[in-house]
>>> print(open('work32.cif').read())   # mmCIF, C-alpha atoms and all ligand atoms
data_model
#
loop_
_atom_site.label_atom_id
_atom_site.label_comp_id
_atom_site.auth_asym_id
_atom_site.auth_seq_id
_atom_site.Cartn_x
_atom_site.Cartn_y
_atom_site.Cartn_z
CA MET A 23 164.25 174.97 139.24
CA ASN A 24 163.48 172.23 141.68
CA ASP A 25 160.46 170.82 143.42
CA ILE A 26 161.16 170.20 147.07
CA LEU A 27 159.08 167.26 148.17
CA PRO A 28 158.73 165.15 151.30
CA PRO A 29 160.68 163.55 152.84
CA ASP A 30 163.41 165.95 151.65
CA SER A 31 161.37 168.98 152.66
CA ALA A 32 161.72 167.92 156.31
CA ARG A 33 165.45 168.61 156.06
CA TRP A 34 164.68 172.10 154.75
CA GLU A 35 162.38 172.73 157.67
CA TRP A 36 164.98 171.45 160.09
CA VAL A 37 167.54 173.97 158.80
CA GLU A 38 165.00 176.80 158.55
CA GLU A 39 163.85 176.28 162.13
CA ARG A 40 167.43 176.47 163.37
CA VAL A 41 168.04 179.63 161.37
CA ARG A 42 164.89 181.22 162.75
CA ALA A 43 165.80 180.39 166.35
CA LEU A 44 169.35 181.72 165.92
CA MET A 45 168.22 185.00 164.37
CA GLN A 46 166.02 185.53 167.37
CA ARG A 47 168.89 184.86 169.76
CA TYR A 48 171.09 187.36 167.93
CA GLY A 49 168.36 189.99 167.74
CA TYR A 50 167.75 189.98 163.99
CA ALA A 51 164.15 190.63 162.91
CA ASN A 52 162.50 188.90 159.98
CA LEU A 53 161.52 190.93 156.93
CA ARG A 54 160.05 190.02 153.55
CA THR A 55 160.29 191.90 150.31
CA PRO A 56 158.76 191.22 146.87
CA ILE A 57 160.26 188.67 144.51
CA VAL A 58 159.82 191.06 141.57
CA GLU A 59 161.57 194.44 141.54
CA PRO A 60 162.27 197.07 138.88
CA THR A 61 165.23 195.95 136.75
CA ALA A 62 166.91 199.30 137.39
CA LEU A 63 167.21 198.45 141.09
CA PHE A 64 169.55 195.56 140.40
CA VAL A 65 171.48 197.42 137.72
CA ARG A 66 172.14 200.24 140.20
CA GLY A 67 172.44 197.95 143.21
CA LEU A 68 174.77 195.33 141.79
CA GLY A 69 176.52 197.21 139.01
CA GLU A 70 176.30 196.92 135.26
CA VAL A 71 179.49 194.91 134.82
CA THR A 72 178.75 192.16 137.34
CA ASP A 73 178.05 188.58 136.18
CA ILE A 74 174.55 188.77 137.59
CA VAL A 75 173.50 191.90 135.72
CA GLU A 76 175.43 191.08 132.56
CA LYS A 77 173.98 187.64 131.98
CA GLU A 78 172.08 186.03 134.85
CA MET A 79 168.90 188.05 135.39
CA TYR A 80 165.39 186.94 134.51
CA SER A 81 164.09 190.25 133.22
CA PHE A 82 160.85 190.93 131.41
CA GLU A 83 158.50 193.67 130.45
CA ASP A 84 155.16 193.97 132.22
CA SER A 85 152.71 193.44 129.35
CA MET A 86 150.18 195.79 130.99
CA ASN A 87 152.31 198.90 131.26
CA GLY A 88 155.75 198.19 129.83
CA ASP A 89 157.55 198.35 133.19
CA LYS A 90 160.93 196.64 133.12
CA LEU A 91 160.97 194.06 135.88
CA THR A 92 163.33 191.37 137.17
CA LEU A 93 162.96 188.30 139.36
CA ARG A 94 165.29 189.09 142.24
CA PRO A 95 168.72 187.48 141.79
CA GLU A 96 169.73 188.35 145.35
CA ALA A 97 168.16 189.90 148.43
CA THR A 98 170.26 192.89 149.46
CA ALA A 99 169.10 195.37 146.83
CA GLY A 100 165.43 194.73 147.63
CA ILE A 101 166.02 195.05 151.36
CA VAL A 102 167.88 198.33 150.95
CA ARG A 103 165.15 199.62 148.62
CA ALA A 104 162.52 198.77 151.23
CA MET A 105 164.52 200.42 154.02
CA VAL A 106 164.92 203.60 151.97
CA GLU A 107 161.30 203.62 150.85
CA HIS A 108 160.00 203.25 154.43
CA ASN A 109 162.66 205.49 155.95
CA ALA A 110 163.25 202.53 158.25
CA LEU A 111 166.58 203.72 159.66
CA TYR A 112 165.00 206.95 160.95
CA ASN A 113 164.92 205.67 164.53
CA GLY A 114 168.34 204.08 164.46
CA PRO A 115 170.14 201.07 163.03
CA LEU A 116 168.41 197.82 162.19
CA ARG A 117 169.27 194.14 162.17
CA VAL A 118 167.14 192.18 159.73
CA TRP A 119 167.05 188.85 157.92
CA THR A 120 165.01 187.19 155.25
CA SER A 121 164.82 183.92 153.40
CA GLY A 122 163.39 183.02 150.06
CA ALA A 123 163.76 182.17 146.39
CA MET A 124 166.30 183.92 144.16
CA PHE A 125 166.58 183.56 140.38
CA ARG A 126 169.65 183.51 138.15
CA HIS A 127 169.91 182.29 134.60
CA GLU A 128 172.97 180.07 135.04
CA ARG A 129 174.01 176.72 133.63
CA PRO A 130 172.39 174.32 136.11
CA GLN A 131 174.70 171.88 137.89
CA LYS A 132 175.05 170.41 141.34
CA GLY A 133 174.75 173.29 143.77
CA ARG A 134 173.88 175.79 141.03
CA TYR A 135 170.27 176.26 140.02
CA ARG A 136 168.08 178.84 138.32
CA GLN A 137 165.74 179.12 141.25
CA PHE A 138 167.59 178.72 144.52
CA HIS A 139 167.05 179.84 148.09
CA GLN A 140 169.01 182.11 150.32
CA ILE A 141 169.12 183.10 153.91
CA ASP A 142 170.10 186.74 153.89
CA VAL A 143 171.12 188.83 156.90
CA GLU A 144 171.78 192.55 156.96
CA ALA A 145 172.88 194.95 159.70
CA LEU A 146 171.97 198.44 158.49
CA GLY A 147 173.27 201.68 159.98
CA PHE A 148 176.19 200.13 161.88
CA ALA A 149 179.69 201.33 161.01
CA GLY A 150 181.84 199.43 163.47
CA PRO A 151 183.81 196.21 163.10
CA ASP A 152 181.93 194.72 166.06
CA VAL A 153 178.87 194.07 163.89
CA ASP A 154 180.99 192.58 161.10
CA ALA A 155 182.36 190.14 163.67
CA GLU A 156 178.90 189.49 165.13
CA LEU A 157 177.62 188.52 161.69
CA ILE A 158 180.48 186.09 161.22
CA LEU A 159 179.95 184.59 164.68
CA LEU A 160 176.30 184.14 163.76
CA THR A 161 177.30 182.00 160.79
CA ARG A 162 179.53 179.89 162.98
CA ALA A 163 176.72 179.42 165.49
CA LEU A 164 174.57 178.12 162.64
CA TRP A 165 177.20 175.60 161.56
CA ARG A 166 177.41 174.37 165.12
CA GLU A 167 173.63 174.07 165.43
CA LEU A 168 173.61 171.88 162.33
CA GLY A 169 176.54 169.72 163.38
CA LEU A 170 179.07 171.20 160.94
CA VAL A 171 182.60 171.64 162.21
CA GLU A 172 184.21 174.94 161.23
CA GLY A 173 187.78 174.65 160.04
CA ARG A 174 187.03 171.14 158.80
CA ASP A 175 183.65 171.01 157.00
CA VAL A 176 183.49 174.72 156.27
CA LYS A 177 186.38 177.13 156.27
CA LEU A 178 186.32 180.88 156.71
CA GLU A 179 188.13 183.14 154.28
CA LEU A 180 188.53 186.79 155.11
CA ASN A 181 189.75 189.91 153.37
CA SER A 182 189.47 193.67 153.53
CA LEU A 183 188.63 195.74 150.48
CA GLY A 184 189.61 198.98 152.17
CA GLN A 185 187.88 202.16 151.05
CA PRO A 186 187.14 203.35 147.49
CA ALA A 187 190.08 205.80 147.44
CA GLU A 188 192.49 203.07 148.53
CA ARG A 189 191.04 200.73 145.96
CA GLU A 190 191.47 203.39 143.28
CA GLN A 191 195.21 203.56 143.99
CA HIS A 192 195.33 199.77 143.90
CA ARG A 193 193.31 199.72 140.69
CA VAL A 194 195.78 201.99 138.95
CA ALA A 195 198.62 199.70 140.00
CA LEU A 196 196.59 196.66 138.97
CA ILE A 197 195.82 197.98 135.50
CA ALA A 198 199.49 198.85 135.00
CA HIS A 199 200.41 195.29 136.01
CA PHE A 200 197.86 193.61 133.72
CA GLU A 201 198.65 195.96 130.83
CA ALA A 202 202.28 194.95 131.10
CA HIS A 203 201.14 191.34 130.58
CA ALA A 204 198.20 192.00 128.25
CA ASP A 205 199.45 189.55 125.60
CA LYS A 206 199.04 186.64 128.06
CA LEU A 207 195.53 187.51 129.31
CA ASP A 208 192.40 185.66 128.17
CA GLU A 209 189.43 187.38 126.47
CA ASP A 210 187.48 187.69 129.72
CA ALA A 211 190.39 189.35 131.48
CA LYS A 212 191.05 191.68 128.56
CA ARG A 213 187.43 192.75 128.56
CA ARG A 214 187.60 193.52 132.29
CA LEU A 215 190.99 195.17 132.21
CA HIS A 216 189.56 198.67 132.21
CA SER A 217 185.96 198.11 133.34
CA ASN A 218 186.56 195.94 136.39
CA PRO A 219 190.18 194.79 136.77
CA LEU A 220 189.52 193.59 140.34
CA ARG A 221 187.36 190.82 138.89
CA ILE A 222 190.36 189.44 137.00
CA LEU A 223 191.69 188.38 140.41
CA ASP A 224 188.62 186.15 140.61
CA SER A 225 189.45 184.34 137.35
CA LYS A 226 189.41 180.57 137.47
CA ASN A 227 191.46 180.20 134.25
CA PRO A 228 194.69 178.37 135.20
CA ALA A 229 196.50 179.81 132.17
CA ILE A 230 196.49 183.31 133.62
CA GLN A 231 197.13 182.34 137.25
CA PRO A 232 200.84 183.29 137.29
CA ILE A 233 199.93 186.84 136.20
CA VAL A 234 197.11 186.98 138.71
CA ASP A 235 199.35 185.72 141.52
CA ALA A 236 201.97 188.34 140.78
CA ALA A 237 199.47 191.23 140.82
CA PRO A 238 199.87 193.94 143.48
CA LYS A 239 197.86 193.17 146.63
CA LEU A 240 195.19 195.57 147.87
CA MET A 241 196.27 195.01 151.47
CA GLY A 242 199.42 196.97 150.69
CA PHE A 243 197.32 200.03 149.82
CA LEU A 244 195.15 200.15 152.95
CA GLY A 245 195.45 203.16 155.24
CA ALA A 246 195.53 203.14 159.04
CA GLU A 247 191.76 203.34 159.54
CA SER A 248 191.00 200.47 157.19
CA LEU A 249 193.68 198.34 158.81
CA ALA A 250 192.33 199.15 162.27
CA HIS A 251 188.84 198.05 161.20
CA PHE A 252 190.22 194.82 159.78
CA ASN A 253 192.29 194.13 162.88
CA ALA A 254 189.31 194.76 165.15
CA VAL A 255 187.27 192.13 163.27
CA ARG A 256 190.17 189.73 163.50
CA ALA A 257 190.57 190.37 167.24
CA VAL A 258 187.01 189.16 167.88
CA LEU A 259 187.44 186.10 165.68
CA ASP A 260 190.75 185.29 167.35
CA ALA A 261 189.24 185.63 170.82
CA ALA A 262 186.38 183.36 169.72
CA GLY A 263 188.87 180.76 168.51
CA LEU A 264 187.50 181.03 165.00
CA ALA A 265 190.24 180.16 162.52
CA TYR A 266 190.27 181.92 159.13
CA ARG A 267 192.51 182.32 156.14
CA ILE A 268 193.20 185.77 154.79
CA ASN A 269 192.50 185.50 151.10
CA PRO A 270 193.67 188.62 149.23
CA ARG A 271 191.80 187.41 146.14
CA LEU A 272 188.44 187.51 147.82
CA VAL A 273 186.74 190.48 146.13
CA ARG A 274 183.40 192.08 145.37
CA GLY A 275 183.11 194.02 142.19
CA MET A 276 181.54 197.34 143.00
CA ASP A 277 182.68 200.58 144.55
CA TYR A 278 180.20 200.63 147.39
CA TYR A 279 181.62 197.41 148.83
CA ASN A 280 184.30 198.20 151.34
CA LEU A 281 186.32 196.88 154.27
CA THR A 282 185.30 193.42 155.46
CA VAL A 283 184.52 190.61 153.01
CA PHE A 284 184.27 186.95 153.90
CA GLU A 285 183.24 183.59 152.52
CA TRP A 286 182.65 180.17 154.00
CA VAL A 287 183.94 177.55 151.60
CA THR A 288 183.80 173.78 151.58
CA GLU A 289 185.70 171.03 149.81
CA HIS A 290 182.62 168.82 149.54
CA LEU A 291 180.74 170.56 146.73
CA GLY A 292 183.17 170.65 143.82
CA SER A 293 183.41 174.03 142.17
CA GLN A 294 180.23 175.28 143.92
CA ALA A 295 182.44 175.74 146.96
CA THR A 296 181.00 178.87 148.55
CA VAL A 297 178.18 178.17 150.98
CA CYS A 298 177.94 181.65 152.44
CA GLY A 299 179.42 185.00 151.52
CA GLY A 300 179.14 188.52 152.77
CA GLY A 301 180.71 191.79 153.63
CA ARG A 302 180.38 195.48 154.20
CA TYR A 303 178.72 197.80 151.66
CA ASP A 304 178.75 201.24 153.23
CA GLY A 305 178.02 202.98 149.92
CA LEU A 306 174.96 201.07 148.75
CA ILE A 307 172.21 202.79 150.72
CA ALA A 308 173.22 206.19 149.31
CA GLN A 309 173.68 204.62 145.88
CA LEU A 310 170.03 203.56 146.01
CA GLY A 311 168.82 207.00 146.98
CA GLY A 312 168.85 206.76 150.77
CA LYS A 313 170.49 208.98 153.35
CA PRO A 314 174.07 207.67 153.51
CA ALA A 315 174.38 204.91 156.10
CA PRO A 316 176.81 202.04 156.54
CA ALA A 317 175.73 198.41 156.23
CA VAL A 318 177.04 194.88 156.31
CA GLY A 319 175.46 191.51 155.58
CA TRP A 320 175.73 188.01 154.19
CA GLY A 321 173.88 185.55 152.01
CA LEU A 322 173.80 181.80 152.35
CA GLY A 323 172.78 179.31 149.67
CA LEU A 324 170.34 176.87 151.25
CA GLU A 325 170.67 174.23 148.51
CA ARG A 326 174.43 174.18 148.95
CA LEU A 327 174.11 173.99 152.70
CA LEU A 328 171.70 171.07 152.40
CA LEU A 329 173.98 169.29 149.90
CA LEU A 330 176.85 169.74 152.33
CA LEU A 331 174.82 168.36 155.24
CA GLU A 332 173.86 165.42 153.06
CA ALA A 333 177.45 164.78 151.99
CA LEU A 334 178.43 164.68 155.66
CA LYS A 335 175.38 162.59 156.60
CA LEU A 336 174.09 165.26 158.98
CA GLN A 337 170.38 164.63 158.65
CA GLY A 338 168.77 166.26 161.65
CA PRO A 339 166.19 164.56 163.82
CA SER A 340 163.62 162.30 162.19
CA SER A 341 160.34 163.85 161.19
CA ALA A 342 158.37 160.70 162.05
CA PRO A 343 155.16 161.24 164.02
CA HIS A 344 155.02 160.16 167.64
CA ALA A 345 152.02 157.95 167.00
CA TYR A 346 150.01 156.46 164.14
CA ALA A 347 146.28 156.14 164.73
CA ILE A 348 144.70 152.92 163.51
CA VAL A 349 140.99 153.33 162.87
CA PRO A 350 139.68 149.93 161.74
CA SER A 351 136.02 150.79 161.27
CA ALA A 352 134.03 153.83 160.25
CA SER A 353 131.93 153.52 163.41
CA THR A 354 134.88 154.54 165.61
CA THR A 355 136.03 157.46 163.50
CA VAL A 356 134.31 160.23 165.47
CA PRO A 357 135.48 159.30 169.01
CA ALA A 358 138.91 158.41 167.59
CA MET A 359 139.26 161.82 165.99
CA MET A 360 138.24 163.56 169.20
CA ALA A 361 140.91 161.67 171.16
CA ILE A 362 143.50 162.39 168.47
CA GLU A 363 142.67 166.09 168.63
CA ALA A 364 143.23 166.06 172.40
CA LEU A 365 146.60 164.34 171.96
CA ARG A 366 147.68 166.85 169.34
CA ALA A 367 146.61 169.72 171.58
CA ALA A 368 148.92 168.21 174.21
CA GLY A 369 151.86 168.32 171.80
CA VAL A 370 151.81 164.77 170.40
CA SER A 371 152.16 164.41 166.64
CA VAL A 372 149.63 161.89 165.45
CA LEU A 373 149.25 160.64 161.90
CA MET A 374 145.70 159.36 161.47
CA HIS A 375 144.99 156.49 159.15
CA ALA A 376 142.46 157.61 156.61
CA GLY A 377 140.83 155.85 153.70
CA GLY A 378 139.88 152.55 155.29
CA GLY A 379 141.57 149.20 154.82
CA GLY A 380 142.10 146.19 157.07
CA MET A 381 144.10 146.06 160.30
CA LYS A 382 147.06 144.44 158.58
CA ALA A 383 147.31 147.14 155.92
CA GLN A 384 146.93 149.86 158.56
CA PHE A 385 149.70 148.37 160.70
CA LYS A 386 151.92 148.30 157.64
CA ARG A 387 151.33 152.02 157.18
CA ALA A 388 151.98 152.62 160.87
CA ASP A 389 155.34 150.88 160.58
CA ALA A 390 156.29 152.75 157.44
CA SER A 391 155.47 156.08 159.10
CA GLY A 392 158.32 155.61 161.55
CA ALA A 393 155.99 156.26 164.51
CA ARG A 394 156.99 154.81 167.87
CA PHE A 395 153.42 153.91 168.84
CA ALA A 396 150.28 152.65 167.18
CA LEU A 397 147.04 153.84 168.75
CA ILE A 398 144.31 151.30 168.06
CA PHE A 399 140.81 152.72 168.02
CA GLY A 400 138.98 149.39 167.53
CA ASP A 401 135.31 148.63 168.24
CA ASP A 402 136.25 146.46 171.23
CA GLU A 403 138.48 149.14 172.75
CA LEU A 404 135.91 151.86 172.25
CA ALA A 405 133.20 149.70 173.84
CA GLN A 406 135.36 149.74 176.98
CA GLY A 407 136.10 153.47 176.71
CA VAL A 408 139.79 152.90 176.00
CA VAL A 409 142.37 153.05 173.21
CA ALA A 410 145.11 150.43 172.87
CA VAL A 411 148.67 151.84 172.82
CA LYS A 412 151.07 149.48 171.07
CA PRO A 413 154.81 150.19 170.96
CA LEU A 414 156.10 149.67 167.43
CA ARG A 415 159.80 149.86 168.10
CA GLY A 416 160.10 147.03 170.62
CA GLU A 417 159.74 149.09 173.81
CA GLY A 418 157.38 147.44 176.29
CA GLU A 419 153.96 145.82 176.20
CA GLN A 420 150.72 146.90 174.61
CA ARG A 421 148.50 148.70 177.14
CA THR A 422 145.14 150.49 177.22
CA ARG A 423 144.47 154.10 178.16
CA PRO A 424 141.23 156.02 178.80
CA LEU A 425 139.80 157.40 175.58
CA THR A 426 138.36 160.65 176.89
CA ALA A 427 141.28 161.67 179.11
CA ALA A 428 144.02 161.72 176.49
CA ALA A 429 145.72 164.77 177.99
CA ASP A 430 146.48 162.72 181.13
CA TRP A 431 148.62 160.17 179.32
CA ALA A 432 149.82 162.13 176.28
CA ALA A 433 153.25 162.58 177.88
CA GLU A 434 153.86 158.80 177.66
CA LEU A 435 153.95 159.15 173.88
CA LEU A 436 156.44 162.00 173.98
CA ALA A 437 158.92 160.40 176.37
P1 LIG A 501 179.21 181.68 142.82
O1 LIG A 501 180.60 182.25 142.75
O2 LIG A 501 179.17 180.27 143.31
O3 LIG A 501 178.43 181.91 141.55
P2 LIG A 501 178.11 184.10 143.90
O4 LIG A 501 179.28 184.92 144.26
O5 LIG A 501 177.39 184.37 142.64
O6 LIG A 501 178.47 182.52 143.97
P3 LIG A 501 176.47 185.33 145.93
O7 LIG A 501 175.84 186.27 144.99
O8 LIG A 501 177.46 185.84 146.92
O9 LIG A 501 177.09 184.09 145.12
O10 LIG A 501 175.29 184.53 146.68
C1 LIG A 501 175.43 184.03 148.01
C2 LIG A 501 175.30 182.53 148.06
O11 LIG A 501 174.16 182.07 147.33
C3 LIG A 501 176.45 181.78 147.42
O12 LIG A 501 177.53 181.68 148.29
C4 LIG A 501 175.83 180.43 147.14
O13 LIG A 501 175.84 179.62 148.31
C5 LIG A 501 174.42 180.78 146.79
N1 LIG A 501 174.21 180.80 145.33
C6 LIG A 501 174.54 181.75 144.45
N2 LIG A 501 174.14 181.44 143.20
C7 LIG A 501 173.51 180.23 143.31
C8 LIG A 501 172.84 179.36 142.38
N3 LIG A 501 172.72 179.69 141.09
N4 LIG A 501 172.32 178.20 142.85
C9 LIG A 501 172.42 177.87 144.14
N5 LIG A 501 173.01 178.64 145.07
C10 LIG A 501 173.56 179.81 144.66
MG MG A 502 177.45 183.51 140.74
#
>>> encode(input="work32.cif", output="structure tokens")
Amino acid sequence: MNDILPPDSARWEWVEERVRALMQRYGYANLRTPIVEPTALFVRGLGEVTDIVEKEMYSFEDSMNGDKLTLRPEATAGIVRAMVEHNALYNGPLRVWTSGAMFRHERPQKGRYRQFHQIDVEALGFAGPDVDAELILLTRALWRELGLVEGRDVKLELNSLGQPAEREQHRVALIAHFEAHADKLDEDAKRRLHSNPLRILDSKNPAIQPIVDAAPKLMGFLGAESLAHFNAVRAVLDAAGLAYRINPRLVRGMDYYNLTVFEWVTEHLGSQATVCGGGRYDGLIAQLGGKPAPAVGWGLGLERLLLLLEALKLQGPSSAPHAYAIVPSASTTVPAMMAIEALRAAGVSVLMHAGGGGMKAQFKRADASGARFALIFGDDELAQGVVAVKPLRGEGEQRTRPLTAAADWAAELLA
């Protein structure tokens, strides 16, 4: 679990501001749910045989009443719970997003932490492939906002999981295939053979790759409707010039996941390659006790995104203030602060020197702040009713400006 301190926190804000602006442009409304939920929600919502529920949850008993609780490992289950609880789909479908801390008890490594942060987007009550495609286009728009190049820095992988009945036929064929090669499977695969054979396709063990590669492909079991949905998503991506790779091994474990699944992967983060993943889960709302309604969404790991931006030296604009206020003596503090307030009200970011110290020390701080201007509120200046404006980055001469009419010249500092 990490502390996020300045100056690094400025990069977080940079990304978060872009996310917020994009969600607004796409018509997704912000929503916030509790960090703690009943453990049963995640067991029902994610499935008992998933990695998260089997071994990654921070679960505990409430010492006051014995309730079994869990720090949320992901956002979707909580969002669906909230939607069901508030009957939020009563008036029609909803597009929502959230961001916040998630918790998983994993072995920490680069890009994998026990507290991490996700952006999570869900479109609830929409059945059509148009919304699947919209959600994918939204991710691409975010990459572009941040300076990432899709197809190079991040690559889209796409698959269709079909519908549960189609998957059942595939599952039968899959089990038959793995049973025929059971002697060559590893322990993990053997354990999953009957509980969750689809997850064997996800195995990273090179020793069993030949058997995995030869397994029957789900795509071959999809019916006309599922294929039409998949092709409609692809048609939008194709028209948008968004390249993707169809990855038949891209899976989600549980039965209520269906049709579209996708991941954005990168080569810059070692084995923590997935920056963003999502898909359709038409069965989950009913699974969690709601009136059946389709849904689709994605989750993005903010730490991984920030590591990727760092690896590619995409830093975002500097967070330096426009101006640093030098206040050499206590006698000028009050008028200086009034002028600084007026500048800030006009949109200028001003870092005020506080805590005393000589001119030289204050100028050193001004330089270190990265500000473009020093504002000098000295006794001499104030006696004349002015403040001295000194460029710090070699642009022009020092000049004076009227102290009590800061709004009139604030724009000079922004230019
Ligand atoms: P992985 O295969 O890397 O464990 P996952 O399938 O468990 O990922 P999801 O549950 O789909 O991941 O979560 C969505 C995103 O959240 C991931 O693509 C990743 O960017 C991020 N993420 C997941 N677990 C962690 C973690 N422990 N630390 C940091 N980011 C994470
Ligand atoms: Mg994981």
>>> residues_near_point(input="work32.cif", point="(191.4, 190.1, 138.9)", cutoff="12 Å", atoms="all atoms listed in the file", output="PyMOL selection string")
chain A and resi 192-193+196-197+199-200+207-208+210-227+230-240+270-275
>>> residues_around(input="work32.cif", residues="segment 409-425 of chain A", least_positions_apart="4", cutoff="10 Å", atoms="all atoms listed in the file", output="ChimeraX atom specification")
/A:345-348,357-358,360-362,364,385,388-389,392-405,429-432,434-435
>>> write_last_selection(input="work32.cif", atoms="C-alpha atoms", output="PDB file, in the frame of the given file")
ATOM      1  CA  ALA A 345     152.020 157.950 167.000  1.00  0.00           C
ATOM      2  CA  TYR A 346     150.010 156.460 164.140  1.00  0.00           C
ATOM      3  CA  ALA A 347     146.280 156.140 164.730  1.00  0.00           C
ATOM      4  CA  ILE A 348     144.700 152.920 163.510  1.00  0.00           C
ATOM      5  CA  PRO A 357     135.480 159.300 169.010  1.00  0.00           C
ATOM      6  CA  ALA A 358     138.910 158.410 167.590  1.00  0.00           C
ATOM      7  CA  MET A 360     138.240 163.560 169.200  1.00  0.00           C
ATOM      8  CA  ALA A 361     140.910 161.670 171.160  1.00  0.00           C
ATOM      9  CA  ILE A 362     143.500 162.390 168.470  1.00  0.00           C
ATOM     10  CA  ALA A 364     143.230 166.060 172.400  1.00  0.00           C
ATOM     11  CA  PHE A 385     149.700 148.370 160.700  1.00  0.00           C
ATOM     12  CA  ALA A 388     151.980 152.620 160.870  1.00  0.00           C
ATOM     13  CA  ASP A 389     155.340 150.880 160.580  1.00  0.00           C
ATOM     14  CA  GLY A 392     158.320 155.610 161.550  1.00  0.00           C
ATOM     15  CA  ALA A 393     155.990 156.260 164.510  1.00  0.00           C
ATOM     16  CA  ARG A 394     156.990 154.810 167.870  1.00  0.00           C
ATOM     17  CA  PHE A 395     153.420 153.910 168.840  1.00  0.00           C
ATOM     18  CA  ALA A 396     150.280 152.650 167.180  1.00  0.00           C
ATOM     19  CA  LEU A 397     147.040 153.840 168.750  1.00  0.00           C
ATOM     20  CA  ILE A 398     144.310 151.300 168.060  1.00  0.00           C
ATOM     21  CA  PHE A 399     140.810 152.720 168.020  1.00  0.00           C
ATOM     22  CA  GLY A 400     138.980 149.390 167.530  1.00  0.00           C
ATOM     23  CA  ASP A 401     135.310 148.630 168.240  1.00  0.00           C
ATOM     24  CA  ASP A 402     136.250 146.460 171.230  1.00  0.00           C
ATOM     25  CA  GLU A 403     138.480 149.140 172.750  1.00  0.00           C
ATOM     26  CA  LEU A 404     135.910 151.860 172.250  1.00  0.00           C
ATOM     27  CA  ALA A 405     133.200 149.700 173.840  1.00  0.00           C
ATOM     28  CA  ALA A 429     145.720 164.770 177.990  1.00  0.00           C
ATOM     29  CA  ASP A 430     146.480 162.720 181.130  1.00  0.00           C
ATOM     30  CA  TRP A 431     148.620 160.170 179.320  1.00  0.00           C
ATOM     31  CA  ALA A 432     149.820 162.130 176.280  1.00  0.00           C
ATOM     32  CA  GLU A 434     153.860 158.800 177.660  1.00  0.00           C
ATOM     33  CA  LEU A 435     153.950 159.150 173.880  1.00  0.00           C
TER      34      LEU A 435
END
>>> residues_near_ligand(input="work32.cif", ligand="ligand LIG 501 (chain A)", cutoff="8 Å", atoms="all atoms listed in the file", output="JSON, numbers by chain")
{"A": [73, 74, 95, 96, 125, 126, 127, 128, 130, 133, 134, 135, 136, 137, 138, 139, 140, 285, 286, 293, 294, 295, 296, 297, 298, 299, 300, 320, 321, 322, 323, 324, 325, 326, 327]}
>>> axis_aligned_box(input="work32.cif", around="segment 352-357 of chain A", padding_each_side="4 Å", output="lines of an AutoDock Vina configuration file")
center_x = 134.0
center_y = 156.9
center_z = 164.6
size_x = 12.1
size_y = 14.7
size_z = 16.8
>>> atom_distance(input="work32.cif", atom1="atom CA of Leu334 of chain A", atom2="atom CA of Ser371 of chain A")
28.5 Å
>>> atom_distance(input="work32.cif", atom1="atom CA of Gln191 of chain A", atom2="atom CA of Leu146 of chain A")
27.9 Å
>>> atom_distance(input="work32.cif", atom1="atom CA of Pro56 of chain A", atom2="atom CA of Asp89 of chain A")
15.5 Å
>>> build_atoms(input="work32.cif", residues="segment 297-304 of chain A", atoms="N, CA, C and O atoms", output="mmCIF file, keeping the file's coordinate frame")
data_model
loop_
_atom_site.group_PDB
_atom_site.id
_atom_site.type_symbol
_atom_site.label_atom_id
_atom_site.label_comp_id
_atom_site.auth_asym_id
_atom_site.auth_seq_id
_atom_site.Cartn_x
_atom_site.Cartn_y
_atom_site.Cartn_z
ATOM 1 N N VAL A 297 179.486 178.405 150.367
ATOM 2 C CA VAL A 297 178.180 178.170 150.980
ATOM 3 C C VAL A 297 177.565 179.500 151.418
ATOM 4 O O VAL A 297 176.363 179.695 151.330
ATOM 5 N N CYS A 298 178.426 180.400 151.863
ATOM 6 C CA CYS A 298 177.940 181.650 152.440
ATOM 7 C C CYS A 298 178.966 182.738 152.166
ATOM 8 O O CYS A 298 180.167 182.494 152.276
ATOM 9 N N GLY A 299 178.483 183.906 151.779
ATOM 10 C CA GLY A 299 179.420 185.000 151.520
ATOM 11 C C GLY A 299 178.819 186.323 151.937
ATOM 12 O O GLY A 299 177.598 186.510 151.885
ATOM 13 N N GLY A 300 179.679 187.233 152.367
ATOM 14 C CA GLY A 300 179.140 188.520 152.770
ATOM 15 C C GLY A 300 180.205 189.575 152.928
ATOM 16 O O GLY A 300 181.376 189.349 152.614
ATOM 17 N N GLY A 301 179.767 190.713 153.423
ATOM 18 C CA GLY A 301 180.710 191.790 153.630
ATOM 19 C C GLY A 301 180.017 193.115 153.828
ATOM 20 O O GLY A 301 178.794 193.196 153.896
ATOM 21 N N ARG A 302 180.847 194.122 153.913
ATOM 22 C CA ARG A 302 180.380 195.480 154.200
ATOM 23 C C ARG A 302 180.106 196.210 152.891
ATOM 24 O O ARG A 302 180.815 196.020 151.902
ATOM 25 N N TYR A 303 179.057 197.028 152.881
ATOM 26 C CA TYR A 303 178.720 197.800 151.660
ATOM 27 C C TYR A 303 178.218 199.172 152.077
ATOM 28 O O TYR A 303 177.073 199.548 151.847
ATOM 29 N N ASP A 304 179.121 199.940 152.659
ATOM 30 C CA ASP A 304 178.750 201.240 153.230
ATOM 31 C C ASP A 304 178.199 202.231 152.210
ATOM 32 O O ASP A 304 177.536 203.186 152.585
#
